[in-house]
Each structure stands twice: as C-alpha cells, then as structure tokens.
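Listing of upload-v4.tsv; format and content: TSV, C-alpha atoms.
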chain	number	residue	atom	x	y	z
I	600	MET	CA	2.46	14.72	-57.88
I	601	ILE	CA	5.34	14.11	-55.47
I	602	ARG	CA	6.30	17.73	-55.75
I	603	LYS	CA	2.79	18.79	-54.57
I	604	ILE	CA	3.08	16.51	-51.52
I	605	TYR	CA	6.45	18.01	-50.58
I	606	ILE	CA	5.05	21.53	-50.95
I	607	GLN	CA	2.05	20.65	-48.77
I	608	LEU	CA	4.28	19.09	-46.09
I	609	PHE	CA	6.53	22.15	-46.18
I	610	LEU	CA	3.55	24.50	-45.73
I	611	ILE	CA	2.19	22.44	-42.82
I	612	PHE	CA	5.63	22.47	-41.21
I	613	ILE	CA	5.82	26.28	-41.55
I	614	LEU	CA	2.33	26.67	-40.00
I	615	ILE	CA	3.31	24.49	-37.04
I	616	ILE	CA	6.45	26.56	-36.43
I	617	ILE	CA	4.46	29.83	-36.61
I	618	PHE	CA	1.86	28.43	-34.21
I	619	LEU	CA	4.54	27.37	-31.70
I	620	LEU	CA	6.30	30.74	-31.89
I	621	LEU	CA	3.04	32.61	-31.26
I	622	PHE	CA	2.11	30.28	-28.41
I	623	PHE	CA	5.42	30.69	-26.58
I	624	LYS	CA	5.48	34.43	-27.13
I	625	TYR	CA	1.90	35.32	-26.08
I	626	PHE	CA	0.31	32.39	-24.23
I	627	LYS	CA	3.09	31.06	-22.05
I	628	GLN	CA	1.96	30.31	-18.46
I	629	SER	CA	3.99	33.00	-16.69
I	630	ASN	CA	5.47	36.00	-18.41
I	631	LEU	CA	7.41	37.08	-15.34
I	632	LYS	CA	11.14	36.68	-15.04
I	633	ASN	CA	12.79	36.64	-11.69
I	634	ASP	CA	16.08	37.92	-10.42
I	635	PHE	CA	16.88	36.37	-7.09
I	636	LYS	CA	18.93	39.10	-5.43
I	637	VAL	CA	19.78	37.93	-1.99
I	638	LYS	CA	22.42	38.63	0.54
I	639	VAL	CA	22.32	35.05	1.67
I	640	GLU	CA	23.47	33.73	4.95
I	641	GLN	CA	22.51	30.09	4.61
I	642	THR	CA	22.55	28.47	8.02
I	643	THR	CA	21.05	25.25	9.15
I	644	ILE	CA	18.93	25.56	12.25
I	645	ALA	CA	17.10	22.35	13.10
I	646	GLY	CA	16.96	21.31	9.44
I	647	GLU	CA	15.72	24.68	8.14
I	648	SER	CA	17.26	26.97	5.54
I	649	LEU	CA	17.34	30.52	6.85
I	650	ILE	CA	17.85	33.50	4.56
I	651	GLU	CA	18.48	36.96	5.98
I	652	ASP	CA	17.90	40.30	4.22
I	653	LEU	CA	15.96	38.73	1.36
I	654	LYS	CA	15.17	40.76	-1.79
I	655	TYR	CA	13.23	39.36	-4.73
I	656	LEU	CA	12.45	41.27	-7.94
I	657	SER	CA	10.03	40.14	-10.67
I	658	THR	CA	9.34	42.05	-13.90
I	659	ASP	CA	6.78	41.32	-16.60
I	660	ARG	CA	6.90	42.21	-20.29
I	661	GLU	CA	4.85	45.39	-19.81
I	662	GLY	CA	7.45	46.76	-17.37
I	663	ASN	CA	5.42	46.18	-14.20
I	664	GLU	CA	7.62	45.21	-11.25
I	665	TYR	CA	7.02	43.29	-8.05
I	666	LYS	CA	9.69	43.71	-5.38
I	667	ILE	CA	9.51	41.93	-2.05
I	668	GLU	CA	11.94	42.38	0.83
I	669	ALA	CA	12.09	40.64	4.20
I	670	LYS	CA	14.38	40.59	7.21
I	671	LYS	CA	14.26	36.78	7.36
I	672	GLY	CA	13.04	33.94	5.20
I	673	ASN	CA	12.71	30.22	5.85
I	674	ILE	CA	12.60	27.83	2.89
I	675	ASP	CA	9.95	25.13	3.29
I	676	GLN	CA	11.77	21.78	3.41
I	677	LYS	CA	8.83	19.88	1.87
I	678	ASN	CA	8.30	22.42	-0.94
I	679	PRO	CA	11.42	24.49	-1.76
I	680	ASP	CA	9.33	26.86	-3.93
I	681	ILE	CA	7.72	28.25	-0.74
I	682	ILE	CA	9.52	30.76	1.49
I	683	TYR	CA	8.09	31.90	4.84
I	684	LEU	CA	9.03	35.55	5.38
I	685	GLU	CA	9.20	37.84	8.43
I	686	ASN	CA	8.98	41.67	8.55
I	687	VAL	CA	7.91	41.99	4.93
I	688	ASN	CA	7.77	45.01	2.59
I	689	ALA	CA	6.55	44.67	-0.97
I	690	ILE	CA	6.05	47.15	-3.81
I	691	ILE	CA	4.08	46.61	-6.99
I	692	SER	CA	5.20	49.21	-9.53
I	693	LEU	CA	2.72	49.55	-12.37
I	694	GLY	CA	3.85	50.71	-15.80
I	695	SER	CA	2.00	54.01	-15.45
I	696	SER	CA	4.34	55.04	-12.57
I	697	GLU	CA	1.71	54.11	-9.96
I	698	TYR	CA	2.67	51.81	-7.14
I	699	ILE	CA	1.10	49.75	-4.38
I	700	SER	CA	3.06	49.37	-1.14
I	701	ILE	CA	2.35	46.41	1.17
I	702	GLU	CA	3.73	45.77	4.68
I	703	SER	CA	3.13	42.87	7.05
I	704	LYS	CA	4.76	40.92	9.85
I	705	PHE	CA	4.68	37.61	7.97
I	706	ALA	CA	4.18	36.29	4.43
I	707	LYS	CA	4.21	33.03	2.49
I	708	TYR	CA	5.92	33.57	-0.90
I	709	ASN	CA	5.80	31.19	-3.87
I	710	THR	CA	8.95	31.61	-5.99
I	711	LYS	CA	7.42	29.84	-9.03
I	712	ASN	CA	4.26	31.89	-9.62
I	713	PHE	CA	5.11	34.87	-7.31
I	714	ASP	CA	1.82	34.56	-5.41
I	715	THR	CA	2.13	35.85	-1.85
I	716	LEU	CA	-0.05	35.48	1.24
I	717	PHE	CA	0.63	38.32	3.70
I	718	ASN	CA	-0.65	38.02	7.26
I	719	ASP	CA	-0.59	39.70	10.65
I	720	SER	CA	-0.94	43.48	10.59
I	721	VAL	CA	-1.12	44.02	6.83
I	722	TYR	CA	-0.93	47.64	5.62
I	723	VAL	CA	-1.52	48.74	2.01
I	724	ASP	CA	-0.72	52.20	0.66
I	725	TYR	CA	-2.07	52.97	-2.81
I	726	GLY	CA	-1.89	56.66	-3.68
I	727	GLU	CA	-4.16	58.42	-1.20
I	728	HIS	CA	-5.85	55.14	-0.23
I	729	PHE	CA	-4.83	53.21	2.90
I	730	LEU	CA	-6.06	49.72	3.71
I	731	ARG	CA	-5.45	47.54	6.75
I	732	SER	CA	-6.38	43.90	7.39
I	733	GLU	CA	-5.13	40.69	8.92
I	734	PHE	CA	-4.65	38.87	5.59
I	735	LEU	CA	-3.78	39.85	2.02
I	736	ASP	CA	-3.62	37.32	-0.80
I	737	LEU	CA	-1.72	38.55	-3.87
I	738	SER	CA	-2.32	36.41	-6.97
I	739	PHE	CA	-0.48	37.26	-10.17
I	740	GLU	CA	-2.17	34.39	-12.01
I	741	ASN	CA	-5.56	36.03	-11.35
I	742	ASN	CA	-4.23	39.64	-11.25
I	743	LEU	CA	-6.05	40.04	-7.96
I	744	VAL	CA	-5.30	41.44	-4.50
I	745	SER	CA	-7.70	40.10	-1.84
I	746	LEU	CA	-7.80	41.57	1.66
I	747	TYR	CA	-9.86	39.86	4.33
I	748	SER	CA	-10.45	39.62	8.08
I	749	ASP	CA	-11.24	43.03	9.58
I	750	VAL	CA	-10.62	45.18	6.51
I	751	ARG	CA	-10.34	48.92	7.18
I	752	TYR	CA	-10.10	51.51	4.42
I	753	GLN	CA	-9.28	55.19	4.73
I	754	SER	CA	-8.96	57.98	2.19
I	755	GLY	CA	-9.01	61.74	2.47
I	756	ILE	CA	-12.79	62.00	2.81
I	757	SER	CA	-14.03	58.64	4.10
I	758	SER	CA	-13.28	55.52	6.06
I	759	LEU	CA	-14.97	52.15	6.11
I	760	ARG	CA	-14.93	48.69	7.68
I	761	ALA	CA	-15.75	45.47	5.85
I	762	ASP	CA	-15.02	41.76	5.79
I	763	ARG	CA	-13.35	41.66	2.40
I	764	ALA	CA	-11.85	43.89	-0.33
I	765	GLU	CA	-10.66	42.82	-3.78
I	766	ILE	CA	-8.53	44.90	-6.14
I	767	ASP	CA	-8.05	43.96	-9.79
I	768	ILE	CA	-4.43	44.86	-10.55
I	769	LEU	CA	-4.93	45.37	-14.29
I	770	ASN	CA	-8.04	47.56	-14.42
I	771	LYS	CA	-7.67	48.95	-10.86
I	772	LYS	CA	-11.29	48.21	-9.92
I	773	THR	CA	-12.02	47.61	-6.24
I	774	LYS	CA	-14.86	45.64	-4.65
I	775	ILE	CA	-15.52	46.00	-0.93
I	776	PHE	CA	-18.12	43.76	0.68
I	777	MET	CA	-19.23	41.71	3.67
I	778	GLU	CA	-19.09	37.90	3.74
I	779	LYS	CA	-22.67	37.57	5.00
I	780	PRO	CA	-25.37	39.25	2.88
I	781	ASP	CA	-27.34	40.44	5.94
I	782	LYS	CA	-24.35	42.49	7.18
I	783	LYS	CA	-23.53	45.92	5.79
I	784	VAL	CA	-20.27	47.73	5.11
I	785	LYS	CA	-19.78	50.53	7.65
I	786	ILE	CA	-18.88	53.86	6.01
I	787	ASN	CA	-17.89	57.06	7.82
I	788	HIS	CA	-17.54	60.44	6.18
I	789	ILE	CA	-14.57	62.48	7.40
I	790	SER	CA	-15.39	66.17	7.56
I	791	LYS	CA	-12.29	68.33	7.22
I	792	ASN	CA	-13.61	71.87	7.27
I	793	GLY	CA	-17.36	71.54	7.52
I	794	ASN	CA	-17.91	72.25	3.79
I	795	ASN	CA	-17.57	68.64	2.60
Turn the structure described in the file into structure tokens.
Amino acid sequence: MIRKIYIQLFLIFILIIIFLLLFFKYFKQSNLKNDFKVKVEQTTIAGESLIEDLKYLSTDREGNEYKIEAKKGNIDQKNPDIIYLENVNAIISLGSSEYISIESKFAKYNTKNFDTLFNDSVYVDYGEHFLRSEFLDLSFENNLVSLYSDVRYQSGISSLRADRAEIDILNKKTKIFMEKPDKKVKINHISKNGNN
C-alpha cells in the first residue's frame, strides 16, 4: 500500500517536471535574447544618460533578427527600460532571407520587450515596397507593424495614400485603410510604358 503511494507521488512529480520544462521551452513570455552592443560614452547632461552610436541586436529562436542603430540615445530616468533614440535605422531580418528596413528621425525603444515607436519622417523599405508615414509602431508581442498619420505607399506599378497600414510580421499580410469609414484610400496606377 505504501509502495503504491510512493509510486503515485513519483509519477505526479515527473509530470510536474515535464509540464514545467515544456512551459519554459515553448510558452515563455519572450523568446528573444538581446545582445547590448554599444560603444558607450556615458555622460551626465542635466541628469540624463546619453549613449552615442547605439547598436542593439535581438534574435529569436527561429533565427529572425531585429537590429536597431541610432546616433544618440537617452535613457529615461523614470523608466530605465525606455531609450529615446535619434537618427534611427532598424532592420528586421526574417528567417527566409527577407528583410524590412526602417528609418526615422526619432524612436522610443523598450529594451525589455523590444517594442519600438518610430516617429518623424518614417521610411520603410520592404523588397520593392516603400512606405512613408509620421509614425510606426513595431510590436513584437503582437507581431505587428502599424504605420499611421499620412501613410504613403509606393511599388513598381502603384502608389496610394491612407490613414493607416498594418503589416503582420509572421504571415506578411498587409491591411491598408482609412480611420473614418466615409473616407477612401487614394490609389494611383503608375504607367511605365503605356502597356500596363
């Protein structure tokens, strides 16, 4: 009888260990690791931490990379996980050798979850697709890139203007729409040789 109880406790213990191993391997909150590669010149200017020539690299388990570079960065004194960046370049390298390039004058970068809010003259280059807007919100938790405020898109055969564009990073689906339902997305066809 006592032997059966010990066997049952042992089996329950094994199941708990297997459950914990599976949870930490597959369901952990963030599967990104970060390598903080910085040529740091820490100076104190009016109580601020200034970082020059900032480079940050994040890689997930599937081999996708997110690299962000900036000329200057200021660490938020109230929340040290937030860095305000200037003259920003970012590249999202997808496992299938595709990449998304993002440029802006400013960005707000969260070092914990890697989410980034780009603003002021945002340019996105994705293959033969070019997008421009005033704001771009990159969320790794939602696997979503959201562009808004005067969004302009251009490809080889068309251009358009809209209020908002959303790109799903994983399945590469794009939604382009207006904020108000009574407004319409403006689409222009670019004729190259008259046969299009």
| said: Please compute the atom CA of Phe717 of chain I-atom CA of Ser745 of chain I distance, one decimal, in Å. | reply: 10.2 Å
| atom CA of Arg763 of chain I and atom CA of Glu778 of chain I, how far apart in Å? |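 Rounded to one decimal, the two atoms are 7.0 Å apart.
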| With distances taken over all atoms listed in the file, which of I:Leu730, I:Asp736, I:Ile691, I:His788 is nearest to Ile775 of chain I? |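 Closest to Ile775 of chain I of all the choices is I:Leu730.
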| note | A straight line from atom CA of Ala761 of chain I to atom CA of Ile701 of chain I spans 18.7 Å
Which residues are near Lys670 of chain I? Cut-off 9 Å, only C-alpha atoms, ignore same chain within fewer than 3 positions. Put them as a PDB file with C-alpha atoms, keeping the file's coordinate frame.
ATOM      1  CA  ILE I 650      17.850  33.500   4.560  1.00  0.00           C
ATOM      2  CA  GLU I 651      18.480  36.960   5.980  1.00  0.00           C
ATOM      3  CA  ASP I 652      17.900  40.300   4.220  1.00  0.00           C
ATOM      4  CA  LEU I 653      15.960  38.730   1.360  1.00  0.00           C
ATOM      5  CA  LEU I 684       9.030  35.550   5.380  1.00  0.00           C
ATOM      6  CA  GLU I 685       9.200  37.840   8.430  1.00  0.00           C
ATOM      7  CA  ASN I 686       8.980  41.670   8.550  1.00  0.00           C
ATOM      8  CA  VAL I 687       7.910  41.990   4.930  1.00  0.00           C
TER       9      VAL I 687
END
| field | Using all atoms listed in the file: which of I:Tyr722, I:Ser732, I:Asp680, I:Ile690 has the shortest distance to Lys707 of chain I | value |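 For Lys707 of chain I, the nearest of the given residues is I:Asp680.
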